[in-house]
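Data block below; observations after.
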Amino acid sequence: MKKIICIFLSVTVVFSFSSCSGKNDNASLNKNDEKDARPPVTDNIGTEESTAELLTATKVGKIEYGQNTGTQKTLTGLEPLPLIDFTVNDPENTKGLSTEKIAHSFGVASNETPNDISVNSQQHFDDGSFNALTLDRKTQEKVVYLTFDVGYDNGYTGKILDTLKEKSVTAAFFCTVDEMKADPESIARMIKEGHIVGNHTETHPSMDELSRTAMMKEIKGFDDYIRTNFGYSAPYFRFPKGEYSDCALDLVGSLGYMSVFWSLAYADWDTSAQKGAQYALETVTARIHPGAVILLHAVSSDNANALGDIIDKVRSMGYEFKSLEDYG
């Protein structure tokens with residue numbers, strides 16, 4: 001009798017484990033099916049179809065998108081994203097991180113070699129374990145990253161986006177809340193065509209002059225707005241005016257953002273002192289170097305007119321344009 005009972009209990013246990021295993025497999029399969037079935041968003045702002053694969057996932061790689069339900073909820077057609085509550089670690093800076101203002105400097109590169117200033121800046125970021133990029137030193141390949149500050153008095157973004165689409169180049173655009181309000185259609189187009197729209201704060205202050213809590217509020221103000229109105233969020237930040245401190249770098253990184261600086265730029269932002277497309281072409285290509293983070297301003301007619309030639313020339317020199325998502 002005891003032998004029969006033991007056999008019965010053994011069969012019952014085996015059957016129970018088999019049932020649990022089957023449930024786990026089905027749950028895993030359903031989860032994967034949901035992931036694979038995400039449809040692309042419909043482009044509703046003038047181009048025939050989106051060049052980006054915008055999915056219904058709340059997270060796509062390092063960037064978040066709202067769901068695409070087929071109903072126009074924002075200018076991108078995506079559902080608004082839920083807002084994030086940021087926590088300020090060490091709000092009083094008890095660690096004593098330096099609050100001294102640093103005005104980002106990069107030096108003029110030449111002979112396809114980055115300036116030592118850029119090299120030293122990236123070394124400082126790496127040594128301090130700051131999540132910051134000014135020069136890609138992780139690879140020896142000839143890769144470059146194209147970034148824009150949107151800026152005020154902008155009338156050239158559409159032409160820039162047309163060129164990027166034609167050349168199949170993904171860029172990052174950094175803007176403020178005021179700039180998103182001033183030209184929401186362009187911001188939506190950037191997102192829908194696969195570009196990064198990065199956080200440049202809500203009101204464009206010098207971040208190093210703010211408390212850690214006030215810095216967080218500037219970043220959150222931008223993130224709240226883009227989540228609500230565009231169903232999108234990206235973990236890339238650019239300091240207004242390139243002014244920062246070690247304390248500010250630490251705070252930005254602690255909120256999950258990468259601080260993106262630059263190793264190649266020129267005085268293109270002054271709309272009253274444009275020097276022509278040829279000047280823009282020659283200046284950018286003369287300063288190109290492996291790992292370059294290129295900063296251009298979208299307010300520049302020179303950049304808008306020269307961009308196609310810049311991309312072609314840089315590629316002819318053996319370089320590949322990569323997205324910030326490819327870094328690291």
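Convention: chains lettered A, B, ... in structure tokens order; per-chain residue numbering from 1; ligands numbered from 1 as shown.
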
task: Mind the document's chain letters and residue numbers, and return as a ChimeraX atom specification the residues of segment 84-270 of chain A that DSSP labels strand (DSSP E).
output: /A:102-103,132-133,143-149,172-175,196-199,232-233,236-237,243-244,258-260

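Neighbours of Gly66 of chain A closer than or equal to 6 Å, with only C-alpha atoms counted and sequence neighbours fewer than 5 positions away skipped, come out as Thr58, Leu78, Glu79, Pro80, Leu81 and Gly231 of chain A.
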
field: Pick from A:Met207, A:Leu83, A:Cys247, A:Ala286, whichever lies nearest to Gly221 of chain A using only C-alpha atoms
entry: A:Leu83

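With distances restricted to only C-alpha atoms, A:His289 is the closest residue to Phe321 of chain A from A:Lys159, A:His289, A:His204, A:Lys275.
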
Per residue of segment 208-301 of chain A within 10 Å of segment 105-129 of chain A, note the shortest atom pair and the distance in Å to one decimal, counting only C-alpha atoms, and order the rows by chain and increasing residue number, as a Markdown table.
| residue | atom | partner | partner_atom | distance |
| --- | --- | --- | --- | --- |
| A:Gly242 | CA | A:Ser105 | CA | 8.3 |
| A:Glu243 | CA | A:Ser105 | CA | 9.7 |
| A:Asp246 | CA | A:Gly128 | CA | 8.3 |
| A:Leu249 | CA | A:Phe125 | CA | 8.7 |
| A:Asp250 | CA | A:Ser129 | CA | 8.6 |
| A:Gly253 | CA | A:Ser129 | CA | 9.3 |
| A:Ser259 | CA | A:Phe125 | CA | 9.8 |
| A:Phe261 | CA | A:Phe106 | CA | 9.0 |
| A:Trp262 | CA | A:Phe106 | CA | 7.0 |
| A:Ser263 | CA | A:Phe106 | CA | 5.1 |
| A:Leu264 | CA | A:Phe106 | CA | 7.0 |
| A:Ala265 | CA | A:Val108 | CA | 8.3 |
| A:Tyr266 | CA | A:Val108 | CA | 8.9 |
| A:Val284 | CA | A:Ala109 | CA | 9.8 |
| A:Thr285 | CA | A:Glu112 | CA | 9.1 |
| A:Ala286 | CA | A:Ser110 | CA | 6.5 |
| A:Arg287 | CA | A:Ala109 | CA | 4.9 |
| A:Ile288 | CA | A:Glu112 | CA | 5.6 |
| A:His289 | CA | A:Glu112 | CA | 4.2 |
| A:Pro290 | CA | A:Glu112 | CA | 7.0 |
| A:Gly291 | CA | A:Pro114 | CA | 8.4 |
| A:Ala292 | CA | A:Pro114 | CA | 7.7 |

query: So which residues touch Met258 of chain A within 12 Å, counting only C-alpha atoms, skipping near sequence neighbours fewer than 2 positions away, as a ChimeraX atom specification?
result: /A:62,125,129-134,198-200,234-239,248-256,260-261,324-325,327-328

With N, CA and C atoms retained, export the selected residues as an mmCIF file, in the first residue's frame.
data_model
loop_
_atom_site.group_PDB
_atom_site.id
_atom_site.type_symbol
_atom_site.label_atom_id
_atom_site.label_comp_id
_atom_site.auth_asym_id
_atom_site.auth_seq_id
_atom_site.Cartn_x
_atom_site.Cartn_y
_atom_site.Cartn_z
ATOM 1 N N LYS A 62 17.056 52.737 -26.409
ATOM 2 C CA LYS A 62 17.276 53.718 -25.355
ATOM 3 C C LYS A 62 16.244 54.842 -25.400
ATOM 4 N N PHE A 125 35.731 63.483 -18.479
ATOM 5 C CA PHE A 125 34.425 62.853 -18.317
ATOM 6 C C PHE A 125 34.584 61.386 -17.931
ATOM 7 N N SER A 129 33.759 59.377 -14.250
ATOM 8 C CA SER A 129 32.608 58.475 -14.426
ATOM 9 C C SER A 129 31.337 59.257 -14.722
ATOM 10 N N PHE A 130 31.504 60.363 -15.457
ATOM 11 C CA PHE A 130 30.355 61.134 -15.896
ATOM 12 C C PHE A 130 29.846 60.531 -17.208
ATOM 13 N N ASN A 131 28.552 60.429 -17.337
ATOM 14 C CA ASN A 131 27.960 59.907 -18.564
ATOM 15 C C ASN A 131 27.899 61.052 -19.577
ATOM 16 N N ALA A 132 29.038 61.339 -20.195
ATOM 17 C CA ALA A 132 29.137 62.508 -21.075
ATOM 18 C C ALA A 132 30.003 62.181 -22.277
ATOM 19 N N LEU A 133 29.675 62.810 -23.392
ATOM 20 C CA LEU A 133 30.373 62.562 -24.653
ATOM 21 C C LEU A 133 30.732 63.873 -25.328
ATOM 22 N N THR A 134 31.995 64.026 -25.679
ATOM 23 C CA THR A 134 32.411 65.104 -26.562
ATOM 24 C C THR A 134 33.218 64.557 -27.737
ATOM 25 N N GLY A 198 16.648 65.832 -28.408
ATOM 26 C CA GLY A 198 17.279 65.807 -27.099
ATOM 27 C C GLY A 198 16.865 66.952 -26.205
ATOM 28 N N ASN A 199 17.061 66.733 -24.929
ATOM 29 C CA ASN A 199 16.672 67.671 -23.874
ATOM 30 C C ASN A 199 17.699 68.792 -23.769
ATOM 31 N N HIS A 200 17.242 70.026 -23.972
ATOM 32 C CA HIS A 200 18.094 71.217 -23.884
ATOM 33 C C HIS A 200 17.569 72.148 -22.796
ATOM 34 N N ALA A 234 13.819 60.931 -25.044
ATOM 35 C CA ALA A 234 15.144 60.395 -25.354
ATOM 36 C C ALA A 234 16.125 60.814 -24.267
ATOM 37 N N PRO A 235 17.021 59.920 -23.839
ATOM 38 C CA PRO A 235 17.917 60.195 -22.709
ATOM 39 C C PRO A 235 19.203 60.907 -23.108
ATOM 40 N N TYR A 236 19.089 61.981 -23.873
ATOM 41 C CA TYR A 236 20.255 62.746 -24.313
ATOM 42 C C TYR A 236 20.044 64.209 -23.936
ATOM 43 N N PHE A 237 21.095 64.804 -23.346
ATOM 44 C CA PHE A 237 20.976 66.166 -22.806
ATOM 45 C C PHE A 237 22.131 67.025 -23.312
ATOM 46 N N ARG A 238 21.824 68.266 -23.624
ATOM 47 C CA ARG A 238 22.882 69.218 -23.972
ATOM 48 C C ARG A 238 22.780 70.441 -23.074
ATOM 49 N N PHE A 239 23.891 70.810 -22.462
ATOM 50 C CA PHE A 239 23.916 71.963 -21.572
ATOM 51 C C PHE A 239 23.760 73.258 -22.357
ATOM 52 N N ALA A 248 26.934 69.547 -11.900
ATOM 53 C CA ALA A 248 25.850 69.489 -12.885
ATOM 54 C C ALA A 248 25.944 68.218 -13.723
ATOM 55 N N LEU A 249 27.155 67.852 -14.129
ATOM 56 C CA LEU A 249 27.341 66.616 -14.892
ATOM 57 C C LEU A 249 26.836 65.414 -14.104
ATOM 58 N N ASP A 250 27.177 65.388 -12.838
ATOM 59 C CA ASP A 250 26.763 64.286 -11.975
ATOM 60 C C ASP A 250 25.247 64.219 -11.868
ATOM 61 N N LEU A 251 24.604 65.372 -11.692
ATOM 62 C CA LEU A 251 23.151 65.410 -11.548
ATOM 63 C C LEU A 251 22.470 64.921 -12.822
ATOM 64 N N VAL A 252 22.924 65.403 -13.967
ATOM 65 C CA VAL A 252 22.319 64.990 -15.242
ATOM 66 C C VAL A 252 22.458 63.490 -15.438
ATOM 67 N N GLY A 253 23.643 62.962 -15.172
ATOM 68 C CA GLY A 253 23.860 61.531 -15.320
ATOM 69 C C GLY A 253 23.015 60.706 -14.368
ATOM 70 N N SER A 254 22.811 61.221 -13.171
ATOM 71 C CA SER A 254 22.035 60.478 -12.172
ATOM 72 C C SER A 254 20.573 60.350 -12.568
ATOM 73 N N LEU A 255 20.106 61.240 -13.459
ATOM 74 C CA LEU A 255 18.723 61.188 -13.930
ATOM 75 C C LEU A 255 18.570 60.298 -15.163
ATOM 76 N N GLY A 256 19.664 59.666 -15.561
ATOM 77 C CA GLY A 256 19.591 58.730 -16.671
ATOM 78 C C GLY A 256 19.935 59.314 -18.026
ATOM 79 N N VAL A 260 25.678 65.458 -23.945
ATOM 80 C CA VAL A 260 26.303 65.430 -25.264
ATOM 81 C C VAL A 260 26.895 66.801 -25.571
ATOM 82 N N PHE A 261 28.224 66.848 -25.691
ATOM 83 C CA PHE A 261 28.917 68.086 -26.057
ATOM 84 C C PHE A 261 29.326 67.969 -27.524
ATOM 85 N N LEU A 324 23.587 58.758 -32.156
ATOM 86 C CA LEU A 324 24.039 58.692 -30.762
ATOM 87 C C LEU A 324 23.640 57.358 -30.114
ATOM 88 N N GLU A 325 22.588 56.754 -30.611
ATOM 89 C CA GLU A 325 22.172 55.444 -30.074
ATOM 90 C C GLU A 325 23.239 54.380 -30.322
ATOM 91 N N TYR A 327 26.430 54.856 -29.997
ATOM 92 C CA TYR A 327 27.609 55.090 -29.164
ATOM 93 C C TYR A 327 27.556 54.227 -27.914
ATOM 94 N N GLY A 328 28.663 53.635 -27.577
ATOM 95 C CA GLY A 328 28.781 52.926 -26.303
ATOM 96 C C GLY A 328 28.148 51.565 -26.303
#

message: Between atom CA of Asp270 of chain A and atom CA of His104 of chain A, what is the distance in Å, rounded to a tenth?
response: 18.5 Å

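For the residues A:Glu141, A:Glu185, A:Met317, A:Ile310, ranking by smallest atom-to-atom distance to Val169 of chain A using only C-alpha atoms places A:Ile310 first.
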
query: Could you pull out all residues of segment 264-312 of chain A with a DSSP call of alpha helix (DSSP H) and give them as an MDAnalysis selection string?
result: chainID A and resid 277:286 301:312

Please dump the current selection as a PDB file, in the first residue's frame; keep C-alpha atoms.
ATOM      1  CA  ALA A 277      27.646  77.619 -48.075  1.00  0.00           C
ATOM      2  CA  GLN A 278      31.177  77.153 -49.394  1.00  0.00           C
ATOM      3  CA  TYR A 279      32.624  78.516 -46.165  1.00  0.00           C
ATOM      4  CA  ALA A 280      30.487  76.091 -44.132  1.00  0.00           C
ATOM      5  CA  LEU A 281      31.582  73.174 -46.315  1.00  0.00           C
ATOM      6  CA  GLU A 282      35.274  73.999 -46.092  1.00  0.00           C
ATOM      7  CA  THR A 283      35.213  74.712 -42.368  1.00  0.00           C
ATOM      8  CA  VAL A 284      33.432  71.528 -41.322  1.00  0.00           C
ATOM      9  CA  THR A 285      35.355  69.171 -43.602  1.00  0.00           C
ATOM     10  CA  ALA A 286      38.727  70.709 -42.690  1.00  0.00           C
ATOM     11  CA  SER A 301      21.373  79.410 -43.839  1.00  0.00           C
ATOM     12  CA  ASP A 302      24.952  78.374 -44.623  1.00  0.00           C
ATOM     13  CA  ASN A 303      24.457  75.006 -42.932  1.00  0.00           C
ATOM     14  CA  ALA A 304      21.103  74.424 -44.594  1.00  0.00           C
ATOM     15  CA  ASN A 305      22.543  75.170 -48.039  1.00  0.00           C
ATOM     16  CA  ALA A 306      25.803  73.253 -47.547  1.00  0.00           C
ATOM     17  CA  LEU A 307      24.562  70.214 -45.619  1.00  0.00           C
ATOM     18  CA  GLY A 308      24.215  67.872 -48.585  1.00  0.00           C
ATOM     19  CA  ASP A 309      27.713  68.708 -49.814  1.00  0.00           C
ATOM     20  CA  ILE A 310      29.108  68.360 -46.281  1.00  0.00           C
ATOM     21  CA  ILE A 311      27.639  64.869 -45.937  1.00  0.00           C
ATOM     22  CA  ASP A 312      28.909  63.824 -49.374  1.00  0.00           C
TER      23      ASP A 312
END

- prompt: Got a sec: who's within 7 Å of Phe222 of chain A, counting only C-alpha atoms, leaving out chain neighbours fewer than 6 positions off, as a PyMOL selection string?
  reply: chain A and resi 176-177+199+201-202

Go ahead and dump the residues you just picked, C-alpha atoms, as an mmCIF file, in the first residue's frame.
data_model
loop_
_atom_site.group_PDB
_atom_site.id
_atom_site.type_symbol
_atom_site.label_atom_id
_atom_site.label_comp_id
_atom_site.auth_asym_id
_atom_site.auth_seq_id
_atom_site.Cartn_x
_atom_site.Cartn_y
_atom_site.Cartn_z
ATOM 1 C CA THR A 176 13.960 73.876 -25.457
ATOM 2 C CA VAL A 177 10.259 73.868 -24.619
ATOM 3 C CA ASN A 199 16.672 67.671 -23.874
ATOM 4 C CA THR A 201 16.174 72.224 -20.725
ATOM 5 C CA GLU A 202 12.868 73.997 -20.359
#

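Our summary of the geometry notes that atom CA of Thr203 of chain A is positioned 24.5 Å from atom CA of Leu161 of chain A.
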
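Between atom CA of Asp136 of chain A and atom CA of Leu295 of chain A there is a distance of 14.1 Å.
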
- request: Please identify all polymer residues within 7 Å of Asp149 of chain A, counting only C-alpha atoms, omitting same-chain residues fewer than 5 positions from it, and present them as a ChimeraX atom specification.
  value: /A:173-175,296-298

Any chance you could export the current selection's C-alpha atoms as a PDB file, in the first residue's frame?
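Below is the file that was written, selection_18.pdb:
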ATOM      1  CA  PHE A 173      18.362  67.897 -32.462  1.00  0.00           C
ATOM      2  CA  PHE A 174      18.528  69.644 -29.085  1.00  0.00           C
ATOM      3  CA  CYS A 175      15.828  72.179 -28.291  1.00  0.00           C
ATOM      4  CA  LEU A 296      25.733  72.800 -36.176  1.00  0.00           C
ATOM      5  CA  HIS A 297      22.989  75.355 -35.586  1.00  0.00           C
ATOM      6  CA  ALA A 298      19.756  74.968 -37.491  1.00  0.00           C
TER       7      ALA A 298
END
